[in-house]
>>> print(open('model-v2.txt').read())   # compact mmCIF, C-alpha atoms
# COMPACT_ATOMS: atom_id res chain seq x y z
CA CYS A 1 -23.53 -1.65 -1.72
CA ALA A 2 -22.34 -5.21 -2.44
CA THR A 3 -22.33 -7.48 -5.47
CA SER A 4 -25.57 -7.73 -7.42
CA PHE A 5 -27.37 -11.07 -7.32
CA ALA A 6 -28.97 -13.60 -9.66
CA GLU A 7 -28.57 -13.99 -13.45
CA PRO A 8 -27.30 -17.53 -14.13
CA PRO A 9 -29.79 -20.41 -14.31
CA ALA A 10 -30.75 -21.77 -10.90
CA ARG A 11 -29.45 -24.98 -9.34
CA SER A 12 -32.23 -27.52 -8.96
CA ASN A 13 -33.94 -27.26 -5.54
CA ALA A 14 -31.15 -25.04 -4.11
CA VAL A 15 -32.34 -21.91 -2.32
CA GLN A 16 -30.53 -19.16 -0.42
CA ILE A 17 -31.87 -16.60 2.00
CA ALA A 18 -30.12 -13.30 1.33
CA LEU A 19 -30.22 -9.82 2.84
CA ILE A 20 -30.90 -7.68 -0.23
CA LEU A 21 -30.35 -3.95 -0.51
CA GLN A 22 -32.76 -2.27 -2.90
CA MET A 23 -34.02 1.21 -3.71
CA GLY A 24 -36.92 2.70 -1.80
CA ALA A 25 -40.11 3.49 -3.68
CA SER A 26 -38.89 7.01 -4.45
CA GLY A 27 -35.20 6.31 -4.92
CA TRP A 28 -32.82 6.98 -2.04
CA LEU A 29 -34.78 7.21 1.18
CA ARG A 30 -35.27 10.38 3.16
CA PRO A 31 -36.01 10.64 6.92
CA GLY A 32 -38.73 8.14 7.56
CA TRP A 33 -36.53 5.38 6.05
CA GLN A 34 -37.17 1.77 6.84
CA ILE A 35 -35.41 -1.55 7.01
CA GLY A 36 -37.63 -4.33 5.80
CA GLN A 37 -41.12 -3.39 6.90
CA ALA A 38 -40.15 -1.90 10.27
CA ALA A 39 -39.35 1.79 10.74
CA ILE A 40 -36.18 2.19 12.79
CA SER A 41 -34.79 5.34 14.44
CA PHE A 42 -31.24 5.43 13.11
CA PRO A 43 -29.03 8.39 13.97
CA PHE A 44 -28.83 9.00 10.20
CA PRO A 45 -30.78 7.48 7.32
CA LEU A 46 -29.66 4.38 5.51
CA GLY A 47 -29.62 4.87 1.78
CA CYS A 48 -31.74 1.91 0.79
CA VAL A 49 -34.25 -0.63 2.00
CA ALA A 50 -32.86 -3.91 3.33
CA VAL A 51 -35.06 -6.99 3.12
CA LEU A 52 -34.61 -10.74 3.45
CA LYS A 53 -35.44 -12.59 0.23
CA GLU A 54 -35.46 -16.20 -0.88
CA LEU A 55 -33.37 -16.60 -4.03
CA GLU A 56 -32.49 -19.56 -6.19
CA VAL A 57 -28.82 -20.54 -6.08
CA PRO A 58 -27.13 -20.25 -9.51
CA ARG A 59 -25.85 -23.36 -11.29
CA LEU A 60 -22.28 -24.35 -10.56
CA GLY A 61 -19.97 -23.17 -13.31
CA HIS A 62 -16.65 -24.67 -14.40
CA SER A 63 -14.56 -22.66 -11.91
CA ASP A 64 -17.26 -21.97 -9.32
CA VAL A 65 -17.61 -22.96 -5.69
CA HIS A 66 -20.91 -23.61 -3.89
CA VAL A 67 -20.54 -22.22 -0.35
CA LYS A 68 -22.70 -22.53 2.76
CA MET A 69 -22.11 -19.26 4.62
CA LEU A 70 -21.62 -19.74 8.36
CA ALA A 71 -21.15 -16.29 9.90
CA ALA A 72 -20.66 -12.71 8.71
CA PRO A 73 -19.97 -9.55 10.74
CA ILE A 74 -21.46 -6.09 10.37
CA ASN A 75 -18.58 -3.64 9.89
CA PRO A 76 -18.66 0.17 9.66
CA ALA A 77 -17.92 -0.14 5.93
CA ASP A 78 -21.09 -2.21 5.52
CA ILE A 79 -23.14 0.57 7.10
CA ASN A 80 -21.43 3.14 4.86
CA MET A 81 -22.26 1.02 1.81
CA ILE A 82 -25.91 0.86 2.84
CA GLN A 83 -25.87 4.64 3.27
CA GLY A 84 -24.35 5.05 -0.17
CA THR A 85 -21.30 6.89 1.22
CA TYR A 86 -18.57 4.24 0.77
CA ALA A 87 -15.93 4.23 -1.96
CA ILE A 88 -17.30 0.96 -3.38
CA LEU A 89 -20.98 0.88 -4.38
CA ALA A 90 -22.61 -1.70 -6.62
CA PRO A 91 -25.84 -1.11 -8.53
CA LEU A 92 -28.93 -2.02 -6.51
CA PRO A 93 -30.37 -4.51 -5.87
CA ALA A 94 -27.38 -6.21 -4.25
CA VAL A 95 -26.55 -8.71 -1.54
CA ALA A 96 -25.05 -6.95 1.48
CA GLY A 97 -21.95 -7.90 3.44
CA ASN A 98 -18.22 -7.81 2.72
CA GLU A 99 -16.75 -10.24 5.23
CA GLY A 100 -17.54 -13.67 6.64
CA VAL A 101 -16.69 -17.35 6.53
CA GLY A 102 -18.35 -20.24 4.75
CA ARG A 103 -17.92 -23.98 4.17
CA VAL A 104 -17.48 -25.43 0.68
CA LEU A 105 -20.35 -27.71 -0.31
CA GLU A 106 -19.37 -28.44 -3.92
CA VAL A 107 -16.80 -27.34 -6.49
CA GLY A 108 -16.86 -27.09 -10.27
CA PRO A 109 -14.63 -29.33 -12.42
CA GLY A 110 -12.14 -26.51 -13.03
CA VAL A 111 -11.58 -25.69 -9.34
CA THR A 112 -8.04 -26.62 -8.31
CA ALA A 113 -7.35 -25.27 -4.81
CA LEU A 114 -10.57 -25.95 -2.89
CA ARG A 115 -12.53 -29.04 -2.01
CA ARG A 116 -15.70 -29.99 -0.13
CA GLY A 117 -15.49 -29.12 3.56
CA ASP A 118 -12.89 -26.36 3.24
CA TRP A 119 -13.52 -23.07 5.01
CA VAL A 120 -13.33 -19.97 2.82
CA ILE A 121 -13.45 -16.19 3.26
CA PRO A 122 -13.79 -13.39 0.66
CA ALA A 123 -10.61 -12.46 -1.16
CA ASP A 124 -11.88 -8.90 -1.54
CA ALA A 125 -14.77 -6.58 -0.65
CA GLY A 126 -18.16 -6.64 -2.34
CA LEU A 127 -18.78 -10.40 -2.38
CA GLY A 128 -22.18 -10.23 -0.66
CA THR A 129 -21.79 -12.38 2.45
CA TRP A 130 -25.05 -11.76 4.30
CA ARG A 131 -26.78 -14.84 2.92
CA THR A 132 -27.14 -18.50 3.77
CA GLN A 133 -25.40 -19.90 0.68
CA ALA A 134 -24.10 -18.83 -2.69
CA VAL A 135 -22.05 -19.78 -5.74
CA PHE A 136 -18.81 -17.79 -6.04
CA PRO A 137 -15.90 -17.90 -8.51
CA GLU A 138 -12.92 -19.72 -7.01
CA ALA A 139 -10.76 -16.63 -7.57
CA SER A 140 -12.97 -14.61 -5.22
CA LEU A 141 -12.28 -16.88 -2.23
CA LEU A 142 -9.40 -17.61 0.15
CA GLN A 143 -9.08 -20.82 2.09
CA VAL A 144 -8.61 -20.56 5.85
CA PRO A 145 -7.98 -23.35 8.36
CA SER A 146 -11.13 -24.95 9.72
CA ASP A 147 -9.45 -25.55 13.09
CA ILE A 148 -9.55 -21.90 14.14
CA PRO A 149 -12.59 -20.51 16.02
CA LEU A 150 -15.56 -19.62 13.83
CA LEU A 151 -15.70 -15.98 14.94
CA CYS A 152 -11.96 -15.57 14.29
CA ALA A 153 -12.41 -16.85 10.75
CA ALA A 154 -15.52 -14.70 10.16
CA THR A 155 -13.70 -11.51 11.20
CA LEU A 156 -10.25 -12.28 9.77
CA SER A 157 -10.18 -10.60 6.37
CA VAL A 158 -10.76 -6.93 7.29
CA ASN A 159 -9.69 -5.76 10.76
CA PRO A 160 -6.75 -8.09 11.52
CA CYS A 161 -5.41 -7.63 7.98
CA THR A 162 -5.66 -3.84 8.33
CA ALA A 163 -3.85 -3.95 11.68
CA TYR A 164 -1.16 -6.29 10.34
CA ARG A 165 -0.42 -4.15 7.30
CA MET A 166 -0.32 -0.86 9.20
CA LEU A 167 2.08 -2.31 11.77
CA SER A 168 4.27 -3.77 9.00
CA ASP A 169 4.27 -1.37 6.07
CA PHE A 170 4.93 2.16 7.36
CA GLU A 171 7.63 1.94 10.04
CA SER A 172 10.24 -0.74 10.79
CA LEU A 173 9.11 -1.46 14.33
CA ALA A 174 11.33 -3.46 16.68
CA PRO A 175 10.58 -4.99 20.09
CA GLY A 176 10.43 -2.19 22.64
CA ASP A 177 9.16 0.42 20.16
CA SER A 178 5.74 1.92 20.76
CA VAL A 179 2.60 2.70 18.76
CA ILE A 180 -0.21 5.09 19.68
CA GLN A 181 -3.73 4.61 18.33
CA ASN A 182 -7.20 6.03 18.81
CA ALA A 183 -10.44 4.04 18.56
CA ALA A 184 -8.50 1.36 20.42
CA ASN A 185 -11.66 -0.56 21.28
CA SER A 186 -12.60 -0.95 17.60
CA GLY A 187 -12.06 -4.21 15.74
CA VAL A 188 -8.84 -2.90 14.19
CA GLY A 189 -7.74 -1.43 17.51
CA GLN A 190 -8.14 -4.74 19.32
CA ALA A 191 -6.17 -6.50 16.59
CA VAL A 192 -3.40 -3.88 16.77
CA ILE A 193 -3.06 -4.47 20.52
CA GLN A 194 -2.76 -8.24 20.10
CA ILE A 195 -0.42 -8.26 17.09
CA ALA A 196 1.81 -5.61 18.67
CA LYS A 197 1.95 -7.60 21.93
CA ALA A 198 2.95 -10.73 20.03
CA THR A 199 5.86 -8.87 18.40
CA GLY A 200 7.05 -7.03 21.51
CA VAL A 201 5.76 -3.60 20.47
CA ARG A 202 4.22 -1.44 23.20
CA THR A 203 0.85 0.24 22.69
CA ILE A 204 -0.72 3.47 23.93
CA ASN A 205 -4.43 3.17 23.36
CA VAL A 206 -6.81 6.13 23.23
CA VAL A 207 -10.55 5.68 23.80
CA ARG A 208 -13.47 8.04 24.37
CA ASP A 209 -14.62 8.54 27.94
CA ARG A 210 -17.75 6.54 28.76
CA PRO A 211 -19.78 5.27 31.73
CA ASP A 212 -18.20 1.79 31.66
CA LEU A 213 -14.62 3.00 31.13
CA PRO A 214 -13.02 0.82 33.87
CA LYS A 215 -14.46 -2.33 32.26
CA LEU A 216 -13.17 -1.30 28.85
CA VAL A 217 -9.71 -0.52 30.23
CA GLU A 218 -9.62 -3.91 31.93
CA ARG A 219 -10.67 -5.69 28.74
CA LEU A 220 -8.10 -3.95 26.54
CA LYS A 221 -5.31 -4.58 29.06
CA ALA A 222 -6.32 -8.25 29.12
CA LEU A 223 -5.68 -8.26 25.35
CA GLY A 224 -2.17 -6.89 25.95
CA ALA A 225 -2.59 -3.10 25.97
CA ASP A 226 0.24 -1.36 27.84
CA HIS A 227 -1.61 1.91 28.44
CA VAL A 228 -5.27 2.84 27.95
CA ILE A 229 -6.13 6.53 28.20
CA THR A 230 -9.03 8.80 27.31
CA GLU A 231 -8.80 11.54 24.70
CA ASP A 232 -8.55 14.31 27.30
CA VAL A 233 -5.42 12.72 28.83
CA LEU A 234 -3.57 13.41 25.56
CA ARG A 235 -3.43 17.07 26.66
CA LYS A 236 -2.42 16.41 30.28
CA PRO A 237 0.87 15.91 32.18
CA GLU A 238 0.08 12.19 32.61
CA MET A 239 1.56 11.64 29.16
CA LYS A 240 5.00 12.56 30.50
CA GLU A 241 4.68 9.78 33.07
CA ILE A 242 3.86 7.26 30.33
CA PHE A 243 6.95 8.23 28.35
CA LYS A 244 9.19 7.64 31.34
CA SER A 245 8.70 3.89 30.86
CA ILE A 246 8.34 3.58 27.08
CA PRO A 247 9.71 5.57 24.13
CA LYS A 248 7.56 8.02 22.23
CA PRO A 249 5.78 6.29 19.36
CA ARG A 250 7.18 6.15 15.84
CA LEU A 251 3.77 5.19 14.49
CA ALA A 252 0.30 6.64 15.15
CA LEU A 253 -2.86 4.99 13.85
CA ASN A 254 -5.86 7.26 13.33
CA CYS A 255 -9.45 6.11 12.87
CA VAL A 256 -11.17 9.19 14.30
CA GLY A 257 -10.04 12.58 12.96
CA GLY A 258 -10.69 15.96 14.50
CA LYS A 259 -9.08 17.43 17.61
CA SER A 260 -8.30 14.03 19.13
CA THR A 261 -6.08 13.16 16.18
CA THR A 262 -4.25 16.50 16.33
CA GLU A 263 -3.49 15.92 20.02
CA MET A 264 -2.32 12.36 19.35
CA LEU A 265 0.04 13.60 16.65
CA ARG A 266 1.81 15.85 19.18
CA HIS A 267 3.26 12.77 20.88
CA LEU A 268 4.74 11.26 17.73
CA GLN A 269 8.53 11.06 17.45
CA PRO A 270 10.26 13.35 14.93
CA LYS A 271 10.11 11.74 11.47
CA GLY A 272 7.34 9.48 12.74
CA THR A 273 4.33 8.43 10.67
CA MET A 274 0.61 8.82 11.28
CA VAL A 275 -1.59 6.50 9.22
CA THR A 276 -5.28 7.37 8.81
CA TYR A 277 -7.59 4.47 8.01
CA GLY A 278 -10.95 5.80 9.21
CA GLY A 279 -12.85 8.96 10.11
CA MET A 280 -15.36 8.12 12.82
CA ALA A 281 -15.67 11.74 13.99
CA LYS A 282 -16.39 12.87 10.41
CA GLN A 283 -13.98 15.74 10.99
CA PRO A 284 -10.82 16.59 9.03
CA VAL A 285 -7.31 15.78 10.15
CA THR A 286 -5.71 19.09 11.16
CA VAL A 287 -1.93 19.25 11.48
CA PRO A 288 0.07 22.23 12.79
CA VAL A 289 2.59 23.57 10.28
CA SER A 290 5.29 23.19 12.95
CA ALA A 291 4.81 19.41 12.94
CA PHE A 292 5.92 19.31 9.31
CA ILE A 293 8.70 21.89 9.53
CA PHE A 294 10.35 21.10 12.85
CA ARG A 295 9.48 17.41 13.35
CA ASP A 296 9.15 16.22 9.75
CA VAL A 297 6.18 13.98 10.53
CA ARG A 298 4.62 11.99 7.70
CA LEU A 299 0.91 11.56 7.08
CA ARG A 300 -0.27 8.51 5.17
CA GLY A 301 -3.54 6.79 4.43
CA PHE A 302 -4.48 3.12 4.31
CA TRP A 303 -7.41 1.18 2.85
CA MET A 304 -7.26 -2.61 2.91
CA THR A 305 -9.32 -2.91 -0.27
CA GLN A 306 -6.80 -0.77 -2.16
CA TRP A 307 -3.91 -2.81 -0.77
CA LYS A 308 -5.52 -5.96 -2.15
CA LYS A 309 -6.01 -4.31 -5.54
CA ASP A 310 -2.38 -3.18 -5.58
CA HIS A 311 -1.23 -6.73 -4.76
CA ALA A 312 -3.69 -8.57 -7.00
CA HIS A 313 -0.79 -10.20 -8.87
CA ASP A 314 1.26 -10.81 -5.72
CA LYS A 315 -0.53 -13.77 -4.18
CA GLU A 316 2.47 -14.52 -1.96
CA SER A 317 2.01 -11.28 0.01
CA LEU A 318 -1.63 -12.07 0.71
CA THR A 319 -0.96 -15.72 1.51
CA SER A 320 1.92 -14.96 3.87
CA MET A 321 -0.18 -12.38 5.73
CA MET A 322 -3.10 -14.77 6.16
CA ASP A 323 -0.74 -17.55 7.27
CA ALA A 324 0.88 -15.25 9.85
CA LEU A 325 -2.50 -14.18 11.22
CA CYS A 326 -3.79 -17.76 11.42
CA GLN A 327 -0.64 -18.79 13.27
CA LEU A 328 -1.26 -16.03 15.81
CA VAL A 329 -4.82 -17.30 16.22
CA ARG A 330 -3.64 -20.88 16.71
CA ARG A 331 -1.10 -19.76 19.34
CA GLY A 332 -3.79 -17.89 21.24
CA GLN A 333 -2.16 -14.52 20.50
CA LEU A 334 -4.97 -13.19 18.30
CA GLY A 335 -8.64 -13.61 19.06
CA ALA A 336 -11.83 -12.29 17.55
CA PRO A 337 -13.01 -8.89 18.77
CA ALA A 338 -15.79 -8.84 21.32
CA CYS A 339 -18.79 -10.15 19.36
CA THR A 340 -22.54 -10.49 19.71
CA THR A 341 -23.98 -13.26 17.52
CA VAL A 342 -27.38 -12.64 15.95
CA PRO A 343 -29.53 -14.88 13.70
CA LEU A 344 -29.88 -13.54 10.16
CA GLU A 345 -33.62 -13.02 10.61
CA ASP A 346 -32.86 -10.52 13.41
CA PHE A 347 -30.69 -8.36 11.13
CA ARG A 348 -32.71 -5.21 11.92
CA GLU A 349 -31.76 -5.33 15.60
CA ALA A 350 -28.15 -6.11 14.67
CA LEU A 351 -27.93 -3.08 12.35
CA VAL A 352 -29.36 -0.82 15.02
CA ALA A 353 -26.96 -2.19 17.66
CA SER A 354 -23.96 -1.76 15.37
CA MET A 355 -24.64 1.98 15.12
CA GLN A 356 -25.03 2.76 18.80
CA PRO A 357 -22.49 5.09 20.47
CA PHE A 358 -19.70 3.51 22.53
CA THR A 359 -20.22 0.16 20.83
CA SER A 360 -17.46 -2.28 21.74
CA SER A 361 -19.10 -5.49 20.53
CA LYS A 362 -19.20 -6.40 16.84
CA GLN A 363 -22.53 -7.75 15.59
CA VAL A 364 -22.07 -11.06 13.75
CA LEU A 365 -24.86 -12.60 11.71
CA LEU A 366 -25.18 -16.39 12.07
CA LEU A 367 -26.20 -17.86 8.73
>>> encode(input="model-v2.txt", output="structure tokens")
Amino acid sequence: CATSFAEPPARSNAVQIALILQMGASGWLRPGWQIGQAAISFPFPLGCVAVLKELEVPRLGHSDVHVKMLAAPINPADINMIQGTYAILAPLPAVAGNEGVGRVLEVGPGVTALRRGDWVIPADAGLGTWRTQAVFPEASLLQVPSDIPLLCAATLSVNPCTAYRMLSDFESLAPGDSVIQNAANSGVGQAVIQIAKATGVRTINVVRDRPDLPKLVERLKALGADHVITEDVLRKPEMKEIFKSIPKPRLALNCVGGKSTTEMLRHLQPKGTMVTYGGMAKQPVTVPVSAFIFRDVRLRGFWMTQWKKDHAHDKESLTSMMDALCQLVRRGQLGAPACTTVPLEDFREALVASMQPFTSSKQVLLL
């Protein structure tokens, strides 16, 4: 799940409230799982029990930073970690949460880049952000401007970074080019729409049909989406009408898998690239042989955590990306995804809400 807690001696009178993931009484839970003391009907079982605990805050080390956490979102990766199905799993017990923003309360004598009052976010996954306060190594934190909205800062390090890298690293997109993506109402999808709009790139956005589709279409177009279509439209003549006004995409972004992704790939330009960064449908990506032979399409994968590992010694790449994203936020060109704020003590309801079908609002824990 996330980083394990406690070990160093406690700071005097300093206490944190943390959402701890721990094993059930008989190891990994089976149907009949629980979160805290309340049984919850999840569509699939979480792999461990989640409880709020009061923990002592460790003493401040030479290069440590004492942080008051302010807000932390619940992302799909967090749910996967709780289930025990994510690529990064720490030994239990552990503090949950991979993303969020906090305010520096105190720094150790060896800390050089941060000071009291600064806002900070995790430099990488696994920090354990679903808690009220903590002591972290300076190297595990990134400073962000405190003049950007709280929810923008809390949701900055995962979805917008993923969108930014996928739009930058796989195809040399120019103003007027187009991108097609599924799961367009996801956190990454909303960031893709906004970043593409800011750079003059057109977007074709695929979403699942749903009862409130007109409202969703309106909201995505307000963010800057050029076209919003349902998955079934990918197989219909309407696509020809879309391509009368914009070029076929050179880049496709896939977070779903299955038949929807195969249909989306059909509209990619020859020699275009499809990047897969998620698998919400839990179905494989199936590609016709003809797409490789006659159109020479390229299939790639992307994981933000791996990108950060690969660039661990290239601080300039990370800094320049964060600066670019913060500038977009300041100019009003990049906002937080639709969010629902929830007090930490109501985490059970937030976890349930985050797993509902057709969810377009990200649950954010206020700490």
>>> atom_distance(input="model-v2.txt", atom1="atom CA of A:Gln181", atom2="atom CA of A:Leu251")
8.4 Å
>>> atom_distance(input="model-v2.txt", atom1="atom CA of A:Thr132", atom2="atom CA of A:Gln190")
28.1 Å
>>> atom_distance(input="model-v2.txt", atom1="atom CA of A:Val233", atom2="atom CA of A:Ile204")
11.5 Å
>>> closest_residue(input="model-v2.txt", among="A:Leu150, A:Ala198, A:Leu173, A:Val51", to="A:Thr341", atoms="all atoms listed in the file")
A:Leu150
>>> residues_around(input="model-v2.txt", residues="A:Ala183", least_positions_apart="3", cutoff="10 Å", atoms="all atoms listed in the file", output="number ranges by chain")
A: 186-190, 205-208, 231, 253-256, 278, 280, 360
>>> closest_residue(input="model-v2.txt", among="A:Leu265, A:Arg330, A:Glu106, A:Gly126", to="A:Pro91", atoms="all atoms listed in the file")
A:Gly126
>>> closest_residue(input="model-v2.txt", among="A:Gly335, A:Gly108, A:Gly258, A:Pro357", to="A:Thr155", atoms="only C-alpha atoms")
A:Gly335
>>> residues_around(input="model-v2.txt", residues="stretch 160-168 of chain A", least_positions_apart="5", cutoff="7 Å", atoms="all atoms listed in the file", output="short mmCIF file (atom, residue, chain, number, x, y, z; two decimals) with C-alpha atoms, in the coordinates of the input")
data_model
loop_
_atom_site.label_atom_id
_atom_site.label_comp_id
_atom_site.auth_asym_id
_atom_site.auth_seq_id
_atom_site.Cartn_x
_atom_site.Cartn_y
_atom_site.Cartn_z
CA VAL A 188 -8.84 -2.90 14.19
CA ALA A 191 -6.17 -6.50 16.59
CA VAL A 192 -3.40 -3.88 16.77
CA MET A 304 -7.26 -2.61 2.91
#
>>> closest_residue(input="model-v2.txt", among="A:Glu56, A:Asp177, A:Glu345, A:Glu316", to="A:Leu268", atoms="only C-alpha atoms")
A:Asp177
>>> closest_residue(input="model-v2.txt", among="A:Ser172, A:Thr359, A:Thr305, A:Gln327", to="A:Ala123", atoms="only C-alpha atoms")
A:Thr305
>>> closest_residue(input="model-v2.txt", among="A:Leu156, A:Ile88, A:Ala71, A:Val15", to="A:Met322", atoms="only C-alpha atoms")
A:Leu156
>>> axis_aligned_box(input="model-v2.txt", around="stretch 311-324 of chain A", padding_each_side="5 Å", output="AutoDock Vina command-line options")
--center_x -0.6 --center_y -12.1 --center_z 0.5 --size_x 16.2 --size_y 20.8 --size_z 28.7
>>> residues_around(input="model-v2.txt", residues="A:Gln143", least_positions_apart="3", cutoff="8 Å", atoms="all atoms listed in the file", output="number ranges by chain")
A: 114, 118-121
>>> write_last_selection(input="model-v2.txt", atoms="C-alpha atoms", output="PDB file, in the frame of the given file")
ATOM      1  CA  LEU A 114     -10.570 -25.950  -2.890  1.00  0.00           C
ATOM      2  CA  ASP A 118     -12.890 -26.360   3.240  1.00  0.00           C
ATOM      3  CA  TRP A 119     -13.520 -23.070   5.010  1.00  0.00           C
ATOM      4  CA  VAL A 120     -13.330 -19.970   2.820  1.00  0.00           C
ATOM      5  CA  ILE A 121     -13.450 -16.190   3.260  1.00  0.00           C
TER       6      ILE A 121
END
>>> residues_around(input="model-v2.txt", residues="A:Val329", least_positions_apart="6", cutoff="9 Å", atoms="only C-alpha atoms", output="ChimeraX atom specification")
/A:148-149,152,335-336
